[in-house]
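Below is the file run-v7.txt, which contains compact mmCIF, C-alpha atoms.
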```txt
# COMPACT_ATOMS: atom_id res chain seq x y z
CA MET A 55 0.00 0.00 0.00
CA ALA A 56 1.19 3.44 -0.79
CA GLU A 57 2.41 5.52 2.06
CA LEU A 58 1.90 9.12 2.93
CA SER A 59 4.82 11.44 3.18
CA VAL A 60 4.08 13.85 5.98
CA ASP A 61 5.59 17.21 6.84
CA LEU A 62 4.50 18.84 10.06
CA VAL A 63 5.73 22.43 10.19
CA SER A 64 5.12 25.25 12.61
CA ARG A 65 5.95 28.91 12.13
CA ASP A 66 9.52 28.70 13.29
CA ARG A 67 10.61 25.15 12.56
CA LYS A 68 9.91 21.81 10.97
CA VAL A 69 8.41 19.72 13.77
CA TRP A 70 8.24 16.30 12.24
CA SER A 71 8.67 14.72 8.88
CA GLY A 72 8.46 11.15 7.68
CA ALA A 73 6.31 8.36 6.31
CA ALA A 74 2.90 7.58 7.71
CA THR A 75 -0.06 5.35 7.07
CA GLN A 76 -2.76 7.65 8.33
CA VAL A 77 -3.12 11.25 9.39
CA SER A 78 -5.99 12.59 11.43
CA ALA A 79 -6.54 16.32 11.76
CA PRO A 80 -9.25 18.60 13.15
CA SER A 81 -10.62 20.34 10.08
CA ALA A 82 -13.22 23.07 10.20
CA ASP A 83 -16.02 20.60 9.51
CA GLY A 84 -14.84 17.93 11.89
CA GLN A 85 -11.99 15.52 12.40
CA ILE A 86 -10.79 14.22 9.05
CA GLY A 87 -8.76 11.12 8.40
CA ILE A 88 -6.34 11.05 5.51
CA LEU A 89 -5.19 7.78 4.01
CA ALA A 90 -2.94 7.16 1.05
CA ASN A 91 -4.27 8.25 -2.36
CA HIS A 92 -6.53 10.82 -0.78
CA THR A 93 -7.93 13.33 -3.20
CA PRO A 94 -6.07 16.68 -3.22
CA LEU A 95 -7.31 18.71 -0.32
CA LEU A 96 -6.73 22.04 1.29
CA ALA A 97 -8.48 22.34 4.61
CA VAL A 98 -8.50 24.83 7.42
CA LEU A 99 -7.73 23.44 10.86
CA ARG A 100 -9.38 24.46 14.06
CA PRO A 101 -7.84 23.96 17.51
CA GLY A 102 -7.60 20.27 18.30
CA VAL A 103 -5.41 17.22 18.14
CA ILE A 104 -3.37 16.04 15.18
CA LYS A 105 -2.51 12.37 15.03
CA VAL A 106 -0.02 10.86 12.65
CA ASP A 107 0.17 7.07 12.50
CA THR A 108 3.75 6.62 11.44
CA ALA A 109 4.79 3.80 9.18
CA SER A 110 7.23 2.63 11.81
CA GLY A 111 7.37 3.53 15.45
CA PRO A 112 4.80 5.14 17.72
CA ALA A 113 2.13 7.57 16.55
CA VAL A 114 2.86 11.28 16.74
CA GLU A 115 0.19 13.26 18.52
CA ALA A 116 0.11 16.99 18.98
CA GLN A 117 -2.17 19.70 20.23
CA VAL A 118 -2.50 22.56 17.75
CA THR A 119 -4.18 25.95 17.88
CA GLY A 120 -4.99 26.27 14.21
CA GLY A 121 -3.50 26.17 10.74
CA PHE A 122 -4.23 24.24 7.61
CA VAL A 123 -3.51 20.95 5.94
CA SER A 124 -2.79 20.30 2.31
CA VAL A 125 -2.83 16.92 0.64
CA ASP A 126 -1.47 16.47 -2.82
CA ASN A 127 -0.24 13.28 -4.42
CA ASN A 128 0.30 11.49 -1.09
CA LEU A 129 2.25 14.44 0.20
CA VAL A 130 0.61 15.75 3.36
CA THR A 131 1.67 19.11 4.70
CA LEU A 132 0.35 20.13 8.08
CA VAL A 133 0.98 23.80 8.71
CA VAL A 134 0.19 24.84 12.25
CA ASP A 135 0.40 28.01 14.28
CA GLU A 136 1.29 26.74 17.69
CA ILE A 137 1.99 23.18 18.53
CA SER A 138 2.71 21.13 21.60
CA LEU A 139 3.54 17.48 21.20
CA VAL A 140 1.59 15.11 23.39
CA MET B 76 54.73 70.98 35.06
CA ALA B 77 56.63 67.76 34.69
CA GLY B 78 54.44 64.67 34.46
CA GLY B 79 51.21 66.52 33.62
CA ALA B 80 51.11 65.57 29.95
CA GLN B 81 52.19 62.04 30.79
CA ARG B 82 49.37 61.59 33.26
CA ILE B 83 46.79 62.79 30.73
CA TYR B 84 48.05 60.38 28.09
CA LYS B 85 48.10 57.49 30.55
CA ALA B 86 44.48 58.17 31.46
CA ARG B 87 43.49 58.29 27.79
CA ILE B 88 45.25 55.02 27.06
CA LYS B 89 43.45 53.40 29.95
CA SER B 90 39.99 54.58 28.93
CA THR B 91 40.59 53.64 25.30
CA GLN B 92 41.70 50.21 26.41
CA SER B 93 38.50 49.63 28.33
CA LEU B 94 36.49 50.84 25.34
CA LYS B 95 38.40 48.44 23.16
CA LYS B 96 37.41 45.61 25.46
CA ILE B 97 33.76 46.57 25.11
CA PHE B 98 34.00 46.77 21.32
CA ARG B 99 35.78 43.45 21.11
CA ALA B 100 33.17 41.78 23.32
CA ARG B 101 30.29 43.15 21.24
CA GLU B 102 32.01 42.03 18.07
CA LEU B 103 32.35 38.50 19.39
CA ILE B 104 28.78 38.41 20.68
CA ALA B 105 27.42 39.60 17.35
CA ALA B 106 29.54 37.06 15.49
CA SER B 107 28.25 34.20 17.59
CA ARG B 108 24.64 35.30 17.23
CA ILE B 109 24.70 35.64 13.45
CA GLY B 110 24.87 31.87 13.14
CA LYS B 111 21.80 31.51 15.34
CA ALA B 112 19.90 34.19 13.44
CA ARG B 113 20.60 32.52 10.12
CA ALA B 114 19.68 29.12 11.52
CA ALA B 115 16.35 30.58 12.66
CA ALA B 116 15.76 31.91 9.16
CA ALA B 117 16.56 28.50 7.71
CA ALA B 118 14.25 26.79 10.23
CA ALA B 119 11.37 29.03 9.20
CA ALA B 120 11.84 28.17 5.52
CA PRO B 121 9.68 24.98 5.46
CA TYR B 122 6.71 26.93 6.80
CA ALA B 123 7.26 29.65 4.21
CA GLN B 124 7.44 27.07 1.44
CA ALA B 125 4.33 25.25 2.60
CA ILE B 126 2.30 28.40 2.88
CA THR B 127 3.46 29.78 -0.45
CA ARG B 128 2.65 26.49 -2.14
CA ALA B 129 -0.81 26.48 -0.59
CA VAL B 130 -1.47 30.07 -1.65
CA SER B 131 -0.45 29.36 -5.21
CA ALA B 132 -2.60 26.23 -5.18
CA VAL B 133 -5.61 28.31 -4.28
CA ALA B 134 -4.60 31.01 -6.72
CA SER B 135 -4.44 28.55 -9.59
CA HIS B 136 -7.96 27.33 -8.84
CA THR B 137 -9.92 30.38 -8.06
CA ASP B 138 -9.54 33.97 -9.03
CA ILE B 139 -8.08 35.37 -5.92
CA ASP B 140 -10.57 37.98 -4.99
CA HIS B 141 -10.08 38.88 -1.43
CA PRO B 142 -10.05 42.15 0.53
CA LEU B 143 -6.31 41.70 1.04
CA THR B 144 -5.58 41.62 -2.68
CA GLN B 145 -7.82 44.45 -3.81
CA GLU B 146 -6.47 47.78 -4.85
CA GLU B 147 -8.55 50.36 -3.06
CA GLY B 148 -6.90 53.44 -4.46
CA GLY B 149 -7.20 55.42 -1.28
CA ASN B 150 -5.09 58.22 0.07
CA ARG B 151 -3.60 56.76 3.18
CA ALA B 152 -0.55 54.53 3.24
CA ALA B 153 1.04 52.68 6.12
CA VAL B 154 4.81 52.37 6.35
CA LEU B 155 6.39 49.81 8.63
CA VAL B 156 9.99 50.59 9.49
CA VAL B 157 11.98 47.62 10.76
CA SER B 158 15.02 48.81 12.64
CA SER B 159 17.13 47.62 15.56
CA ASP B 160 16.67 47.94 19.30
CA ALA B 161 20.31 48.47 20.17
CA GLY B 162 22.85 50.76 18.59
CA MET B 163 26.54 50.04 18.02
CA ALA B 164 25.77 48.72 14.58
CA GLY B 165 27.42 51.36 12.45
CA SER B 166 25.22 52.82 9.75
CA TYR B 167 22.58 50.09 10.04
CA PRO B 168 19.80 52.06 11.80
CA MET B 169 20.44 55.18 9.75
CA ALA B 170 20.38 53.35 6.43
CA ILE B 171 16.89 52.08 7.26
CA VAL B 172 15.65 55.47 8.35
CA ARG B 173 17.09 57.10 5.22
CA GLU B 174 15.30 54.60 3.01
CA ALA B 175 12.10 55.11 4.99
CA GLU B 176 12.33 58.88 4.66
CA LYS B 177 12.78 58.53 0.91
CA LEU B 178 9.66 56.39 0.72
CA VAL B 179 7.68 58.77 2.91
CA GLY B 180 8.75 61.66 0.69
CA GLN B 181 7.68 59.76 -2.39
CA LEU B 182 4.29 58.85 -0.96
CA THR B 183 3.71 62.38 0.25
CA ALA B 184 4.57 63.70 -3.20
CA GLU B 185 1.89 61.39 -4.58
CA GLY B 186 -0.53 63.13 -2.27
CA LYS B 187 -0.82 60.29 0.19
CA GLU B 188 -1.04 60.56 3.91
CA VAL B 189 1.59 58.40 5.57
CA VAL B 190 0.92 56.48 8.76
CA LEU B 191 4.10 55.33 10.48
CA TYR B 192 4.54 52.00 12.21
CA VAL B 193 7.91 51.50 13.75
CA ALA B 194 9.63 48.37 15.05
CA GLY B 195 12.89 48.75 16.92
CA ARG B 196 13.87 51.36 19.48
CA ARG B 197 16.46 53.13 17.29
CA ALA B 198 13.92 54.16 14.69
CA VAL B 199 11.39 55.03 17.41
CA ALA B 200 13.97 57.35 18.97
CA TYR B 201 14.65 58.94 15.58
CA TYR B 202 11.01 59.75 14.93
CA THR B 203 10.03 60.82 18.43
CA PHE B 204 13.05 63.14 18.62
CA ARG B 205 11.81 64.83 15.46
CA GLY B 206 8.30 65.05 16.85
CA ARG B 207 6.82 62.79 14.17
CA GLU B 208 3.68 60.90 14.92
CA ILE B 209 4.00 57.14 15.24
CA ALA B 210 0.81 55.12 15.00
CA LYS B 211 2.29 52.17 16.85
CA SER B 212 5.73 51.00 17.79
CA TRP B 213 7.21 47.72 18.90
CA SER B 214 10.44 46.87 20.56
CA TYR B 215 10.49 43.17 20.05
CA GLY B 216 14.10 42.23 20.71
CA SER B 217 15.32 42.86 17.20
CA GLU B 218 18.24 40.45 17.48
CA LYS B 219 15.98 37.50 18.09
CA PRO B 220 12.52 38.02 16.64
CA THR B 221 9.82 35.57 17.68
CA PRO B 222 6.83 34.38 15.63
CA GLU B 223 4.66 36.00 18.30
CA ALA B 224 6.20 39.41 17.62
CA ALA B 225 5.59 38.96 13.90
CA GLN B 226 2.03 37.92 14.62
CA ASP B 227 1.43 41.00 16.73
CA ILE B 228 2.78 43.29 14.01
CA ALA B 229 0.91 41.49 11.24
CA GLU B 230 -2.39 41.54 13.12
CA THR B 231 -2.13 45.25 13.79
CA LEU B 232 -1.30 46.04 10.19
CA LEU B 233 -3.97 43.76 8.73
CA GLU B 234 -6.56 45.32 10.96
CA VAL B 235 -5.58 48.79 9.80
CA PHE B 236 -5.55 47.68 6.19
CA LEU B 237 -9.00 46.12 6.38
CA ALA B 238 -10.52 49.12 8.15
CA GLU B 239 -12.27 51.80 6.13
CA GLU B 240 -10.23 54.92 5.43
CA SER B 241 -12.73 57.01 7.34
CA ASP B 242 -12.02 54.87 10.42
CA GLY B 243 -8.30 55.41 10.17
CA GLY B 244 -7.65 52.56 7.76
CA VAL B 245 -5.07 52.57 4.99
CA SER B 246 -5.20 51.41 1.40
CA GLU B 247 -1.64 50.26 1.02
CA MET B 248 1.20 49.13 3.19
CA HIS B 249 4.93 49.24 2.68
CA VAL B 250 7.69 47.67 4.69
CA VAL B 251 11.18 49.11 4.95
CA SER B 252 13.59 46.47 6.15
CA THR B 253 17.04 45.16 5.48
CA LEU B 254 17.80 42.31 3.12
CA PHE B 255 20.62 40.06 4.22
CA VAL B 256 22.60 39.47 1.04
CA ASN B 257 25.72 38.07 2.68
CA MET B 258 28.03 38.82 5.57
CA VAL B 259 29.37 42.01 4.02
CA THR B 260 26.35 43.25 2.10
CA GLN B 261 23.03 44.14 3.64
CA ARG B 262 20.65 46.33 1.74
CA ALA B 263 17.84 48.49 3.03
CA ARG B 264 14.87 47.96 0.79
CA VAL B 265 11.20 48.76 0.42
CA VAL B 266 8.58 46.09 -0.16
CA ARG B 267 4.95 46.78 -0.84
CA MET B 268 3.23 44.23 1.34
CA LEU B 269 -0.43 45.07 0.85
CA PRO B 270 -2.48 44.79 -1.22
CA LEU B 271 -0.97 41.37 -1.77
CA GLU B 272 0.56 40.36 -5.01
CA VAL B 273 1.07 36.64 -4.82
CA VAL B 274 4.30 36.29 -6.73
CA GLU B 275 7.04 35.04 -4.46
CA GLY B 276 7.75 31.43 -5.36
CA VAL B 277 4.51 30.85 -7.17
CA SER B 278 5.38 28.10 -9.57
CA GLU B 279 4.27 28.27 -13.15
CA ALA B 280 1.74 25.58 -13.87
CA ASP B 281 3.49 22.77 -15.65
CA GLU B 282 1.73 22.17 -18.93
CA HIS B 283 2.34 18.45 -18.96
CA GLU B 284 1.17 17.94 -15.46
CA ALA B 285 -2.48 18.53 -14.87
CA LEU B 286 -3.03 20.58 -11.76
CA PRO B 287 -4.64 18.55 -9.03
CA LEU B 288 -8.22 19.43 -8.44
CA TYR B 289 -8.25 20.45 -4.83
CA ASP B 290 -11.10 19.98 -2.47
CA PHE B 291 -11.38 22.98 -0.25
CA GLU B 292 -12.70 22.63 3.21
CA PRO B 293 -14.92 24.33 4.21
CA SER B 294 -14.80 26.49 1.03
CA PRO B 295 -12.17 28.15 -1.17
CA GLU B 296 -13.05 31.54 0.30
CA ALA B 297 -12.72 30.31 3.87
CA VAL B 298 -9.38 28.70 3.09
CA LEU B 299 -8.18 31.92 1.52
CA ASP B 300 -9.42 33.83 4.54
CA GLU B 301 -7.20 31.71 6.73
CA LEU B 302 -4.27 31.52 4.38
CA LEU B 303 -3.66 35.11 3.38
CA PRO B 304 -3.26 36.60 6.87
CA ARG B 305 -0.82 33.76 7.64
CA TYR B 306 0.99 34.51 4.43
CA VAL B 307 1.39 38.14 5.43
CA GLN B 308 2.48 37.14 8.91
CA GLN B 309 5.02 34.70 7.57
CA ARG B 310 6.49 37.32 5.25
CA ILE B 311 6.78 39.80 8.10
CA TYR B 312 8.44 37.14 10.23
CA ALA B 313 10.87 36.36 7.42
CA MET B 314 11.68 40.06 7.14
CA LEU B 315 12.28 40.33 10.87
CA LEU B 316 14.64 37.37 10.72
CA ASP B 317 16.47 38.86 7.77
CA ALA B 318 16.72 42.17 9.57
CA ALA B 319 18.11 40.43 12.66
CA ALA B 320 20.86 38.74 10.67
CA SER B 321 21.64 42.03 8.92
CA GLU B 322 21.75 43.93 12.19
CA LEU B 323 24.17 41.44 13.70
CA ALA B 324 26.40 41.43 10.65
CA ALA B 325 26.42 45.23 10.63
CA ARG B 326 27.23 45.27 14.32
CA GLN B 327 30.04 42.80 13.95
CA ARG B 328 31.58 44.86 11.19
CA ALA B 329 31.15 48.16 13.01
CA MET B 330 32.60 46.77 16.23
CA HIS B 331 35.52 45.25 14.36
CA THR B 332 36.36 48.66 12.91
CA ALA B 333 35.89 50.29 16.29
CA THR B 334 38.30 47.82 17.88
CA GLU B 335 40.89 48.58 15.25
CA ASN B 336 40.43 52.31 15.70
CA ALA B 337 40.85 51.90 19.45
CA GLU B 338 44.08 50.03 18.84
CA ASP B 339 45.32 52.84 16.60
CA LEU B 340 44.46 55.39 19.25
CA ILE B 341 46.24 53.42 21.93
CA ARG B 342 49.34 53.24 19.75
CA THR B 343 49.25 56.98 19.08
CA TYR B 344 48.75 57.83 22.73
CA THR B 345 51.54 55.49 23.78
CA ARG B 346 53.92 57.29 21.41
CA LEU B 347 52.81 60.66 22.68
CA ALA B 348 53.21 59.51 26.28
CA ASN B 349 56.72 58.26 25.51
CA GLN B 350 57.56 61.56 23.88
CA ALA B 351 56.22 63.46 26.86
CA ARG B 352 58.25 61.30 29.22
CA GLN B 353 61.41 61.81 27.15
CA ALA B 354 60.77 65.55 27.08
CA ASP B 355 60.39 65.57 30.87
CA ILE B 356 63.63 63.64 31.31
CA THR B 357 65.52 65.89 28.89
CA GLN B 358 64.25 68.93 30.69
CA GLU B 359 65.22 67.60 34.10
CA ILE B 360 68.72 66.69 32.91
CA SER B 361 69.27 70.08 31.36
CA GLU B 362 68.04 71.70 34.55
CA ILE B 363 70.50 69.66 36.62
CA VAL B 364 73.35 70.28 34.18
CA SER B 365 72.76 73.98 33.98
CA GLY B 366 72.39 74.14 37.77
CA ALA B 367 75.72 72.33 38.19
CA ASP B 368 77.31 74.64 35.60
CA ALA B 369 76.08 77.66 37.50
CA LEU B 370 77.57 76.33 40.75
CA ALA B 371 80.93 75.42 39.12
CA SER B 372 81.50 78.78 37.47
```
Write-out of the structure in structure tokens:
Amino acid sequence: MAELSVDLVSRDRKVWSGAATQVSAPSADGQIGILANHTPLLAVLRPGVIKVDTASGPAVEAQVTGGFVSVDNNLVTLVVDEISLV
Amino acid sequence: MAGGAQRIYKARIKSTQSLKKIFRARELIAASRIGKARAAAAAAAPYAQAITRAVSAVASHTDIDHPLTQEEGGNRAAVLVVSSDAGMAGSYPMAIVREAEKLVGQLTAEGKEVVLYVAGRRAVAYYTFRGREIAKSWSYGSEKPTPEAAQDIAETLLEVFLAEESDGGVSEMHVVSTLFVNMVTQRARVVRMLPLEVVEGVSEADEHEALPLYDFEPSPEAVLDELLPRYVQQRIYAMLLDAAASELAARQRAMHTATENAEDLIRTYTRLANQARQADITQEISEIVSGADALAS
């Protein structure tokens, strides 16, 4: 199965980057799950929890205050304002 | 009076030496902080890339028609001057102010009313001393700007830009800041920030590759509403980081020159002190000799 390549960036640094099987993010309309081969998407995030199920190793979870997520060709970019890893 | 000139020179050497120590220390501090400032700029690059890519993605799908991109053609213009908090950076603060004054003159000549926003204590001091009105000023620790400082500045400016002119709003916004070219070249420059022209890094659509059809959530307009203020904020943050690196480079250079000048002064004063001492000795000897001569004859 294809994997997602995820970049998690905040205003002043790149927080996390790597391969993942699933990404869950709090979009404006509700929590969305992103799997491989997701249709291109640009969504606004509201405050909530981001969860990245990494391909290897433990899941990355983080509390964010807002931002947006873009999905394009299995490349997921999570752009967040403020972030604190859980 | 024997010894008078010597004492003065000794005192001058001593004070110049302590100045030299200060200059040297500031030079070293600046040098060590430049690396950090440039690393911070590099660390912020992924965010900048992501946000620019997202903006161009939206731009390629919808006609960007947003309050932040519309030319209003009004008569009020905001100017943000990004300067330093501390001095001892040679011509750095003045170069900024000079560029800002040029811009203000230009805008005034076009019949526009200029509203000043100033970041950095040096520029604030310049304008308040001249009795110029400053709409808002920040002293944000110009050597180490934080995203929060950029957010504060961006929010203030966006609010003013979006307000109606009758409520004290403006129809355009310019930023005067310093571009870090390399360690020896930093250039003061003017950027028109608002209304936005989405150009920086917007990739040309590749003809062979069909552009992905994005889903926007909740809607393209809402996404744009979120994106553009962040875009502005990110650009201001990038400018603050660039200005910080420039300030430190300017300071390092200025302090290096100052240290060398202090060394020159110390050398000159040492020579003069030696001369004065020799003159004193010569005088004393001739006094003794002539005294002895007078007694012998």
Contact residues (chain A, partner chain B, 8 Å, all atoms listed in the file) as JSON, numbers by chain: {"A": [63, 64, 65, 66, 67, 68, 81, 82, 83, 93, 94, 95, 96, 97, 98, 121, 122, 124, 126, 131, 133]}
Shell of 6 Å around Ala74 in chain A, only C-alpha atoms, local chain residues under 4 positions omitted, as a PyMOL selection string: chain A and resi 58+107-109
Straight-line distance linking CA of Glu239 in chain B with CA of Leu315 in chain B, stated in Å to one decimal: 27.5 Å
Who sits within 6 Å of range 81-98 of chain B, all atoms listed in the file, same chain under 2 positions skipped, as a list in words: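 My list of contacting residues is Gly78, Gly79, Ala100, Arg101, Met330, Thr334, Ala337, Ile341, Tyr344, Ala348 and Ala351 of chain B.
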Between CA of Val103 in chain A and CA of Glu115 in chain A, distance in Å (one decimal): 6.9 Å
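Using all atoms listed in the file, the contacts of Ala56 in chain A at a cut-off of 12 Å, with sequence neighbours closer than 3 positions omitted, comprise Ser59, Ala73, Ala74, Thr75, Gln76, Leu89, Ala90, Asn91, His92, Ala109, Asn127, Asn128 and Leu129 of chain A.
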Dump as a compact mmCIF listing (two decimals), in the coordinates of the input, selection limited to C-alpha atoms:
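Full text of result29.txt as output:
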```
# COMPACT_ATOMS: atom_id res chain seq x y z
CA SER A 59 4.82 11.44 3.18
CA ALA A 73 6.31 8.36 6.31
CA ALA A 74 2.90 7.58 7.71
CA THR A 75 -0.06 5.35 7.07
CA GLN A 76 -2.76 7.65 8.33
CA LEU A 89 -5.19 7.78 4.01
CA ALA A 90 -2.94 7.16 1.05
CA ASN A 91 -4.27 8.25 -2.36
CA HIS A 92 -6.53 10.82 -0.78
CA ALA A 109 4.79 3.80 9.18
CA ASN A 127 -0.24 13.28 -4.42
CA ASN A 128 0.30 11.49 -1.09
CA LEU A 129 2.25 14.44 0.20
```
Since fewer atoms than expected are present, regenerate N, CA and C atoms for range 289-300 of chain B and write them as a PDB file, keeping the file's coordinate frame.
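Output file out.pdb follows:
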```pdb
ATOM      1  N   TYR B 289      -8.178  20.455  -6.291  1.00  0.00           N
ATOM      2  CA  TYR B 289      -8.250  20.450  -4.830  1.00  0.00           C
ATOM      3  C   TYR B 289      -9.678  20.478  -4.332  1.00  0.00           C
ATOM      4  N   ASP B 290      -9.883  19.776  -3.244  1.00  0.00           N
ATOM      5  CA  ASP B 290     -11.100  19.980  -2.470  1.00  0.00           C
ATOM      6  C   ASP B 290     -10.761  21.038  -1.421  1.00  0.00           C
ATOM      7  N   PHE B 291     -11.628  21.986  -1.285  1.00  0.00           N
ATOM      8  CA  PHE B 291     -11.380  22.980  -0.250  1.00  0.00           C
ATOM      9  C   PHE B 291     -12.361  22.775   0.879  1.00  0.00           C
ATOM     10  N   GLU B 292     -11.833  22.822   2.074  1.00  0.00           N
ATOM     11  CA  GLU B 292     -12.700  22.630   3.210  1.00  0.00           C
ATOM     12  C   GLU B 292     -12.528  23.779   4.186  1.00  0.00           C
ATOM     13  N   PRO B 293     -13.520  24.498   4.591  1.00  0.00           N
ATOM     14  CA  PRO B 293     -14.920  24.330   4.210  1.00  0.00           C
ATOM     15  C   PRO B 293     -15.220  24.882   2.813  1.00  0.00           C
ATOM     16  N   SER B 294     -14.529  25.949   2.360  1.00  0.00           N
ATOM     17  CA  SER B 294     -14.800  26.490   1.030  1.00  0.00           C
ATOM     18  C   SER B 294     -13.546  27.235   0.583  1.00  0.00           C
ATOM     19  N   PRO B 295     -13.377  27.432  -0.725  1.00  0.00           N
ATOM     20  CA  PRO B 295     -12.170  28.150  -1.170  1.00  0.00           C
ATOM     21  C   PRO B 295     -12.013  29.501  -0.494  1.00  0.00           C
ATOM     22  N   GLU B 296     -13.135  30.203  -0.309  1.00  0.00           N
ATOM     23  CA  GLU B 296     -13.050  31.540   0.300  1.00  0.00           C
ATOM     24  C   GLU B 296     -12.566  31.447   1.738  1.00  0.00           C
ATOM     25  N   ALA B 297     -13.101  30.462   2.462  1.00  0.00           N
ATOM     26  CA  ALA B 297     -12.720  30.310   3.870  1.00  0.00           C
ATOM     27  C   ALA B 297     -11.247  29.949   3.980  1.00  0.00           C
ATOM     28  N   VAL B 298     -10.783  29.083   3.058  1.00  0.00           N
ATOM     29  CA  VAL B 298      -9.380  28.700   3.090  1.00  0.00           C
ATOM     30  C   VAL B 298      -8.512  29.920   2.826  1.00  0.00           C
ATOM     31  N   LEU B 299      -8.929  30.710   1.851  1.00  0.00           N
ATOM     32  CA  LEU B 299      -8.180  31.920   1.520  1.00  0.00           C
ATOM     33  C   LEU B 299      -8.157  32.888   2.693  1.00  0.00           C
ATOM     34  N   ASP B 300      -9.313  32.974   3.365  1.00  0.00           N
ATOM     35  CA  ASP B 300      -9.420  33.830   4.540  1.00  0.00           C
ATOM     36  C   ASP B 300      -8.400  33.465   5.595  1.00  0.00           C
TER      37      ASP B 300
END
```
